[in-house]
Amino acid sequence: MQFASQLVERLRVAERVTVLTGAGVSAESGIPTFRDAQTGLWARYDPTELATPQAFVRNPRLVWDWYAYRRDVIEQAEPNPAHYALVDMEQHYANFTLITQNVDGLHWRAGSRNLFELHGNISRIRCFECAAPVTGWDDDGELPPRCPHCGGLGRPDVVWFGEGLPAPALREAERATERADVFLSIGTSAMVQPAASLPLRARRAGAYVIEINPEETSLAVIADEWLRGPAGVILPELFRQAGGERQSPEEG
Ligand code: APR
C-alpha cells in the first residue's frame with residue numbers, strides 16, 4: 001500500500017492527533033453498521049425509528065429487545081486491527097484523543113483510554129425517568145427492568161435521536177478537535193450531528209484532515225485525503241509507514 005508522501009509526513013511529525021470513529025470501525029469485528037440493512041428478526045424495523053425516546057415510550061419492550069440483541073452481538077465480538085492501531089497511536093503521540101460515536105465499547109476493550117464515547121455505551125442501563133444507573137437486572141424477570149429508586153423503566157445509556165450529547169464529553173471532543181495537527185475521520189457516514197461537523201471544525205482550525213472509508217461521504221469535499229478501504233487494513237499500515245510501532249500483539 002502506497003500513501004501520498006505528504007500524508008505520511010504529516011502524520012510522522014504530528015504532535016496532536018485527534019480521531020473520530022463511527023460504526024465502520026467495528027464493521028470488521030462483525031458488528032453491522034447502523035445504516036446497513038438489518039438482518040434476521042430485525043430486518044423489518046428501521047433502526048432510526050427504534051432509537052428514539054418516542055419509540056421507547058410507545059413500546060419499551062420492543063426497544064429493549066432490540067438493544068438486548070445488539071448487546072449479545074457486541075459481547076461476542078472482538079476488537080479488530082483498527083481498534084488496536086488506535087491504541088498504539090495513543091501510546092505514540094504526545095497528545096492523542098479518540099472520539100467515538102460507537103456505543104459498543106470496543107475501543108475501551110482494545111485498550112484506548114483517552115476516549116470520549118459521545119453516544120454513550122450500550123452495556124450500561126439507566127432509568128428513563130431519573131437517570132440513576134440500573135444494574136444487576138434479571139433477563140428472565142420483568143423487562144425492561146425497573147429502577148431501584150423510582151420504579152421507572154431502565155433504558156440503554158445511549159444517546160437517541162432527538163436527545164442531547166453529554167456536555168462535558170462534547171466539550172472535550174471539541175477542544176481536541178480544534179487543537180489537532182492531524183484529524184482522522186474513520187468509518188462514519190458523517191450524517192449525524194454534532195459529531196459530523198467535527199472534521200470541518202478541525203479543518204477550519206488548521207488541521208490536516210484524513211478520512212478512511214470504503215464509501216464516499218460528504219467529507220470528501222473537506223478532507224485533505226480520502227483513503228478508500230477498510231479501516232482494519234488501512235490504518236495499521238498508515239501508522240506503520242508514519243513511523244509508528246505496533247504494540248498490540250493481536251495486530252499480528
Ligand atoms: N472501514 C471503514 N469504514 C467502513 C467500513 C470499514 N471496514 N465498513 C463500513 N464503513 C463505513 C460506511 O461506508 C459508512 O460510511 O462506515 C460508515 C458507517 O456509517 P453509519 O452506519 O451511518 O454509522 P455512523 O456514522 O457511526 O452513525 C452515526 O448515527 O444512528 C446514529 O447514534 C448512531 O452513532 C450512530 C450515528
# chains A, B, ... in the order shown; residues from 1 in each chain; ligands from 1
>>> closest_atom_pairs(of="chain A", to="ligand 1", cutoff="7 Å", atoms="only C-alpha atoms and all ligand atoms", output="JSON lines")
{"residue": "A:Thr21", "atom": "CA", "partner": "ligand 1", "partner_atom_place_in_ligand_line": "26 (O)", "distance": 6.9}
{"residue": "A:Gly22", "atom": "CA", "partner": "ligand 1", "partner_atom_place_in_ligand_line": "26 (O)", "distance": 3.2}
{"residue": "A:Ala23", "atom": "CA", "partner": "ligand 1", "partner_atom_place_in_ligand_line": "26 (O)", "distance": 3.8}
{"residue": "A:Gly24", "atom": "CA", "partner": "ligand 1", "partner_atom_place_in_ligand_line": "16 (O)", "distance": 3.2}
{"residue": "A:Val25", "atom": "CA", "partner": "ligand 1", "partner_atom_place_in_ligand_line": "1 (N)", "distance": 5.2}
{"residue": "A:Ala27", "atom": "CA", "partner": "ligand 1", "partner_atom_place_in_ligand_line": "8 (N)", "distance": 5.1}
{"residue": "A:Glu28", "atom": "CA", "partner": "ligand 1", "partner_atom_place_in_ligand_line": "7 (N)", "distance": 5.4}
{"residue": "A:Thr33", "atom": "CA", "partner": "ligand 1", "partner_atom_place_in_ligand_line": "21 (O)", "distance": 4.1}
{"residue": "A:Phe34", "atom": "CA", "partner": "ligand 1", "partner_atom_place_in_ligand_line": "21 (O)", "distance": 3.6}
{"residue": "A:Arg35", "atom": "CA", "partner": "ligand 1", "partner_atom_place_in_ligand_line": "21 (O)", "distance": 4.0}
{"residue": "A:Asp36", "atom": "CA", "partner": "ligand 1", "partner_atom_place_in_ligand_line": "21 (O)", "distance": 6.2}
{"residue": "A:Thr48", "atom": "CA", "partner": "ligand 1", "partner_atom_place_in_ligand_line": "30 (O)", "distance": 6.3}
{"residue": "A:Gln101", "atom": "CA", "partner": "ligand 1", "partner_atom_place_in_ligand_line": "34 (O)", "distance": 4.2}
{"residue": "A:Asn102", "atom": "CA", "partner": "ligand 1", "partner_atom_place_in_ligand_line": "34 (O)", "distance": 5.1}
{"residue": "A:Val103", "atom": "CA", "partner": "ligand 1", "partner_atom_place_in_ligand_line": "34 (O)", "distance": 7.0}
{"residue": "A:His119", "atom": "CA", "partner": "ligand 1", "partner_atom_place_in_ligand_line": "32 (O)", "distance": 6.0}
{"residue": "A:Val159", "atom": "CA", "partner": "ligand 1", "partner_atom_place_in_ligand_line": "32 (O)", "distance": 6.5}
{"residue": "A:Trp160", "atom": "CA", "partner": "ligand 1", "partner_atom_place_in_ligand_line": "32 (O)", "distance": 6.6}
{"residue": "A:Ile186", "atom": "CA", "partner": "ligand 1", "partner_atom_place_in_ligand_line": "2 (C)", "distance": 5.8}
{"residue": "A:Gly187", "atom": "CA", "partner": "ligand 1", "partner_atom_place_in_ligand_line": "3 (N)", "distance": 3.3}
{"residue": "A:Thr188", "atom": "CA", "partner": "ligand 1", "partner_atom_place_in_ligand_line": "25 (O)", "distance": 3.3}
{"residue": "A:Ser189", "atom": "CA", "partner": "ligand 1", "partner_atom_place_in_ligand_line": "15 (O)", "distance": 3.5}
{"residue": "A:Ala190", "atom": "CA", "partner": "ligand 1", "partner_atom_place_in_ligand_line": "25 (O)", "distance": 5.2}
{"residue": "A:Met191", "atom": "CA", "partner": "ligand 1", "partner_atom_place_in_ligand_line": "25 (O)", "distance": 6.3}
{"residue": "A:Val192", "atom": "CA", "partner": "ligand 1", "partner_atom_place_in_ligand_line": "29 (O)", "distance": 5.3}
{"residue": "A:Ile212", "atom": "CA", "partner": "ligand 1", "partner_atom_place_in_ligand_line": "2 (C)", "distance": 5.8}
{"residue": "A:Asn213", "atom": "CA", "partner": "ligand 1", "partner_atom_place_in_ligand_line": "3 (N)", "distance": 4.0}
{"residue": "A:Pro214", "atom": "CA", "partner": "ligand 1", "partner_atom_place_in_ligand_line": "13 (O)", "distance": 5.4}
{"residue": "A:Glu215", "atom": "CA", "partner": "ligand 1", "partner_atom_place_in_ligand_line": "13 (O)", "distance": 4.4}
{"residue": "A:Thr217", "atom": "CA", "partner": "ligand 1", "partner_atom_place_in_ligand_line": "15 (O)", "distance": 6.3}
{"residue": "A:Gly229", "atom": "CA", "partner": "ligand 1", "partner_atom_place_in_ligand_line": "1 (N)", "distance": 6.2}
{"residue": "A:Pro230", "atom": "CA", "partner": "ligand 1", "partner_atom_place_in_ligand_line": "1 (N)", "distance": 3.6}
{"residue": "A:Ala231", "atom": "CA", "partner": "ligand 1", "partner_atom_place_in_ligand_line": "1 (N)", "distance": 3.9}
{"residue": "A:Gly232", "atom": "CA", "partner": "ligand 1", "partner_atom_place_in_ligand_line": "7 (N)", "distance": 6.4}
>>> residues_around(residues="Leu198 (chain A)", least_positions_apart="6", cutoff="10 Å", atoms="only C-alpha atoms", output="list of chain:residue names")
A:Val19, A:Leu20, A:Ile99, A:Ala173, A:Glu174, A:Ala176, A:Thr177, A:Glu178, A:Phe183, A:Ser185, A:Ala190, A:Arg204
>>> select_by_dssp(residues="region 103-224 of chain A", states="alpha helix (DSSP H)", output="ChimeraX atom specification")
/A:106-110,167-178,198-204
>>> closest_residue(among="A:Ser123, A:Gln54, A:Thr97, A:Ser197", to="Glu75 (chain A)", atoms="only C-alpha atoms")
A:Ser123
>>> select_by_dssp(residues="region 26-233 of chain A", states="strand (DSSP E or B)", output="PyMOL selection string")
chain A and resi 95-100+115-117+120-127+133-134+146+153-158+182-186+208-212+225-227
>>> write_last_selection(atoms="N, CA, C and O atoms", output="short mmCIF file (atom, residue, chain, number, x, y, z; two decimals), in the first residue's frame")
data_model
loop_
_atom_site.label_atom_id
_atom_site.label_comp_id
_atom_site.auth_asym_id
_atom_site.auth_seq_id
_atom_site.Cartn_x
_atom_site.Cartn_y
_atom_site.Cartn_z
N ASN A 95 0.03 13.82 22.32
CA ASN A 95 -1.31 14.29 22.61
C ASN A 95 -2.29 13.60 21.65
O ASN A 95 -2.29 13.91 20.45
N PHE A 96 -3.04 12.68 22.16
CA PHE A 96 -3.90 11.88 21.29
C PHE A 96 -5.29 11.75 21.92
O PHE A 96 -5.42 11.38 23.09
N THR A 97 -6.31 12.06 21.14
CA THR A 97 -7.68 11.97 21.65
C THR A 97 -8.52 11.15 20.68
O THR A 97 -8.49 11.37 19.47
N LEU A 98 -9.28 10.23 21.24
CA LEU A 98 -10.18 9.41 20.43
C LEU A 98 -11.62 9.75 20.79
O LEU A 98 -12.02 9.70 21.96
N ILE A 99 -12.36 10.13 19.76
CA ILE A 99 -13.78 10.48 19.94
C ILE A 99 -14.57 9.44 19.16
O ILE A 99 -14.29 9.22 17.97
N THR A 100 -15.53 8.80 19.79
CA THR A 100 -16.29 7.81 19.04
C THR A 100 -17.79 8.05 19.16
O THR A 100 -18.27 8.53 20.19
N LEU A 115 -10.47 8.59 25.71
CA LEU A 115 -11.58 8.21 24.85
C LEU A 115 -12.85 8.93 25.29
O LEU A 115 -13.17 8.96 26.48
N PHE A 116 -13.57 9.50 24.32
CA PHE A 116 -14.86 10.11 24.61
C PHE A 116 -15.94 9.40 23.82
O PHE A 116 -15.94 9.45 22.58
N GLU A 117 -16.81 8.72 24.54
CA GLU A 117 -17.92 7.99 23.90
C GLU A 117 -19.12 8.94 23.83
O GLU A 117 -19.92 9.01 24.75
N GLY A 120 -22.66 7.43 24.28
CA GLY A 120 -22.91 6.55 25.41
C GLY A 120 -22.38 5.14 25.18
O GLY A 120 -21.51 4.91 24.32
N ASN A 121 -22.91 4.20 25.98
CA ASN A 121 -22.40 2.82 25.93
C ASN A 121 -23.57 1.86 26.17
O ASN A 121 -24.30 1.98 27.15
N ILE A 122 -23.71 0.93 25.25
CA ILE A 122 -24.87 0.03 25.25
C ILE A 122 -24.87 -0.92 26.44
O ILE A 122 -25.91 -1.47 26.81
N SER A 123 -23.71 -1.12 27.06
CA SER A 123 -23.67 -2.09 28.17
C SER A 123 -24.20 -1.49 29.47
O SER A 123 -24.44 -2.20 30.43
N ARG A 124 -24.38 -0.15 29.50
CA ARG A 124 -24.92 0.46 30.73
C ARG A 124 -26.42 0.71 30.56
O ARG A 124 -26.89 1.04 29.48
N ILE A 125 -27.13 0.55 31.69
CA ILE A 125 -28.57 0.83 31.71
C ILE A 125 -28.82 1.93 32.73
O ILE A 125 -28.22 1.92 33.80
N ARG A 126 -29.68 2.87 32.36
CA ARG A 126 -30.06 3.89 33.35
C ARG A 126 -31.57 4.08 33.32
O ARG A 126 -32.24 3.69 32.35
N CYS A 127 -32.06 4.71 34.38
CA CYS A 127 -33.51 4.89 34.48
C CYS A 127 -34.00 5.93 33.47
O CYS A 127 -33.42 7.01 33.34
N PRO A 133 -28.29 4.84 37.56
CA PRO A 133 -27.87 3.60 36.93
C PRO A 133 -28.72 2.42 37.40
O PRO A 133 -29.11 2.36 38.57
N VAL A 134 -29.03 1.52 36.50
CA VAL A 134 -29.76 0.29 36.84
C VAL A 134 -28.79 -0.86 36.59
O VAL A 134 -28.30 -1.01 35.46
N ARG A 146 -36.86 -2.48 36.29
CA ARG A 146 -37.29 -1.25 36.97
C ARG A 146 -36.15 -0.60 37.74
O ARG A 146 -35.28 -1.29 38.26
N LEU A 153 -38.63 2.87 34.17
CA LEU A 153 -38.11 1.78 33.34
C LEU A 153 -36.63 2.01 33.00
O LEU A 153 -36.21 3.15 32.75
N GLY A 154 -35.87 0.92 32.96
CA GLY A 154 -34.47 1.00 32.57
C GLY A 154 -34.35 1.09 31.05
O GLY A 154 -35.10 0.44 30.32
N ARG A 155 -33.42 1.91 30.60
CA ARG A 155 -33.16 2.09 29.16
C ARG A 155 -31.66 2.05 28.93
O ARG A 155 -30.87 2.31 29.84
N PRO A 156 -31.23 1.75 27.71
CA PRO A 156 -29.79 1.79 27.46
C PRO A 156 -29.24 3.20 27.62
O PRO A 156 -29.92 4.17 27.27
N ASP A 157 -28.02 3.29 28.16
CA ASP A 157 -27.40 4.59 28.39
C ASP A 157 -26.71 5.06 27.12
O ASP A 157 -25.48 5.17 27.06
N VAL A 158 -27.53 5.28 26.10
CA VAL A 158 -27.03 5.75 24.80
C VAL A 158 -27.80 7.01 24.43
O VAL A 158 -28.85 7.29 25.01
N VAL A 182 -3.35 16.82 13.14
CA VAL A 182 -3.93 15.89 12.18
C VAL A 182 -5.24 15.36 12.78
O VAL A 182 -5.30 15.01 13.97
N PHE A 183 -6.28 15.33 11.97
CA PHE A 183 -7.59 14.83 12.40
C PHE A 183 -7.99 13.71 11.46
O PHE A 183 -8.00 13.88 10.24
N LEU A 184 -8.29 12.53 12.03
CA LEU A 184 -8.75 11.41 11.19
C LEU A 184 -10.22 11.12 11.45
O LEU A 184 -10.63 11.04 12.62
N SER A 185 -10.97 10.96 10.38
CA SER A 185 -12.37 10.54 10.50
C SER A 185 -12.46 9.13 9.92
O SER A 185 -12.14 8.92 8.74
N ILE A 186 -12.84 8.18 10.74
CA ILE A 186 -12.76 6.77 10.32
C ILE A 186 -14.11 6.07 10.45
O ILE A 186 -14.68 6.02 11.55
N TYR A 208 -4.79 18.94 9.36
CA TYR A 208 -4.77 18.14 8.13
C TYR A 208 -5.79 17.02 8.36
O TYR A 208 -5.71 16.28 9.33
N VAL A 209 -6.79 16.92 7.47
CA VAL A 209 -7.91 16.01 7.71
C VAL A 209 -7.84 14.80 6.79
O VAL A 209 -7.74 14.94 5.57
N ILE A 210 -7.88 13.63 7.41
CA ILE A 210 -7.79 12.37 6.67
C ILE A 210 -9.08 11.58 6.91
O ILE A 210 -9.50 11.43 8.06
N GLU A 211 -9.66 11.08 5.85
CA GLU A 211 -10.83 10.22 6.01
C GLU A 211 -10.49 8.80 5.57
O GLU A 211 -9.84 8.60 4.53
N ILE A 212 -10.92 7.81 6.37
CA ILE A 212 -10.77 6.40 5.96
C ILE A 212 -12.18 5.81 5.88
O ILE A 212 -12.89 5.74 6.90
N GLU A 225 -7.25 14.17 2.50
CA GLU A 225 -7.03 12.84 1.91
C GLU A 225 -8.21 11.95 2.22
O GLU A 225 -8.66 11.89 3.35
N TRP A 226 -8.66 11.24 1.21
CA TRP A 226 -9.67 10.19 1.43
C TRP A 226 -8.99 8.86 1.12
O TRP A 226 -8.59 8.63 -0.02
N LEU A 227 -8.84 8.02 2.12
CA LEU A 227 -8.24 6.70 1.92
C LEU A 227 -9.37 5.70 1.82
O LEU A 227 -10.11 5.47 2.80
#
>>> atom_distance(atom1="CA of Ala167 (chain A)", atom2="CA of Leu11 (chain A)")
29.6 Å
>>> closest_residue(among="A:Glu90, A:Pro79, A:Ser218, A:Arg175", to="Ala196 (chain A)", atoms="only C-alpha atoms")
A:Ser218
>>> residues_around(residues="Ser248 (chain A)", least_positions_apart="3", cutoff="12 Å", atoms="only C-alpha atoms", output="PyMOL selection string")
chain A and resi 79-91+110-112+236+244-245+251-252
>>> write_last_selection(atoms="N, CA and C atoms", output="compact mmCIF listing (two decimals), in the first residue's frame")
# COMPACT_ATOMS: atom_id res chain seq x y z
N PRO A 79 -12.32 -6.70 19.37
CA PRO A 79 -11.73 -5.57 18.66
C PRO A 79 -10.92 -6.06 17.45
N ASN A 80 -10.81 -5.23 16.43
CA ASN A 80 -10.07 -5.61 15.21
C ASN A 80 -8.80 -4.76 15.06
N PRO A 81 -7.99 -5.01 14.04
CA PRO A 81 -6.73 -4.27 13.92
C PRO A 81 -6.87 -2.74 13.91
N ALA A 82 -8.01 -2.22 13.48
CA ALA A 82 -8.17 -0.75 13.52
C ALA A 82 -8.25 -0.28 14.97
N HIS A 83 -9.02 -1.00 15.81
CA HIS A 83 -9.09 -0.62 17.23
C HIS A 83 -7.70 -0.66 17.85
N TYR A 84 -6.95 -1.72 17.55
CA TYR A 84 -5.62 -1.86 18.18
C TYR A 84 -4.63 -0.82 17.65
N ALA A 85 -4.75 -0.46 16.37
CA ALA A 85 -3.86 0.58 15.85
C ALA A 85 -4.11 1.90 16.59
N LEU A 86 -5.36 2.15 16.95
CA LEU A 86 -5.68 3.39 17.68
C LEU A 86 -5.11 3.37 19.09
N VAL A 87 -5.02 2.19 19.68
CA VAL A 87 -4.37 2.05 21.00
C VAL A 87 -2.88 2.39 20.84
N ASP A 88 -2.27 1.84 19.81
CA ASP A 88 -0.84 2.10 19.57
C ASP A 88 -0.60 3.59 19.32
N MET A 89 -1.52 4.23 18.62
CA MET A 89 -1.36 5.66 18.33
C MET A 89 -1.45 6.48 19.62
N GLU A 90 -2.30 6.04 20.53
CA GLU A 90 -2.41 6.76 21.81
C GLU A 90 -1.08 6.70 22.58
N GLN A 91 -0.40 5.58 22.46
CA GLN A 91 0.92 5.44 23.12
C GLN A 91 1.97 6.32 22.42
N ALA A 110 -10.27 -2.69 23.64
CA ALA A 110 -8.97 -2.83 22.97
C ALA A 110 -7.86 -2.20 23.81
N GLY A 111 -8.20 -1.14 24.59
CA GLY A 111 -7.18 -0.51 25.43
C GLY A 111 -7.08 1.00 25.28
N SER A 112 -7.92 1.61 24.46
CA SER A 112 -7.90 3.08 24.35
C SER A 112 -8.40 3.68 25.66
N PRO A 236 -3.57 0.44 10.31
CA PRO A 236 -2.30 -0.08 10.85
C PRO A 236 -1.14 0.17 9.89
N GLY A 244 5.19 4.63 13.27
CA GLY A 244 4.62 4.08 14.50
C GLY A 244 5.02 2.63 14.72
N GLU A 245 5.00 2.25 15.98
CA GLU A 245 5.33 0.86 16.29
C GLU A 245 4.11 0.12 16.78
N GLU A 251 -2.54 -7.46 16.78
CA GLU A 251 -2.45 -6.99 15.40
C GLU A 251 -1.69 -7.93 14.51
N GLY A 252 -1.01 -8.88 15.11
CA GLY A 252 -0.25 -9.84 14.33
C GLY A 252 0.98 -9.24 13.75
>>> atom_distance(atom1="CA of Ala242 (chain A)", atom2="CA of Gly105 (chain A)")
27.1 Å
>>> residues_around(residues="Val57 (chain A)", least_positions_apart="5", cutoff="12 Å", atoms="only C-alpha atoms", output="ChimeraX atom specification")
/A:50-52,62-64,128-129,144,152-155
>>> atom_distance(atom1="CA of Tyr69 (chain A)", atom2="CA of Pro168 (chain A)")
29.6 Å
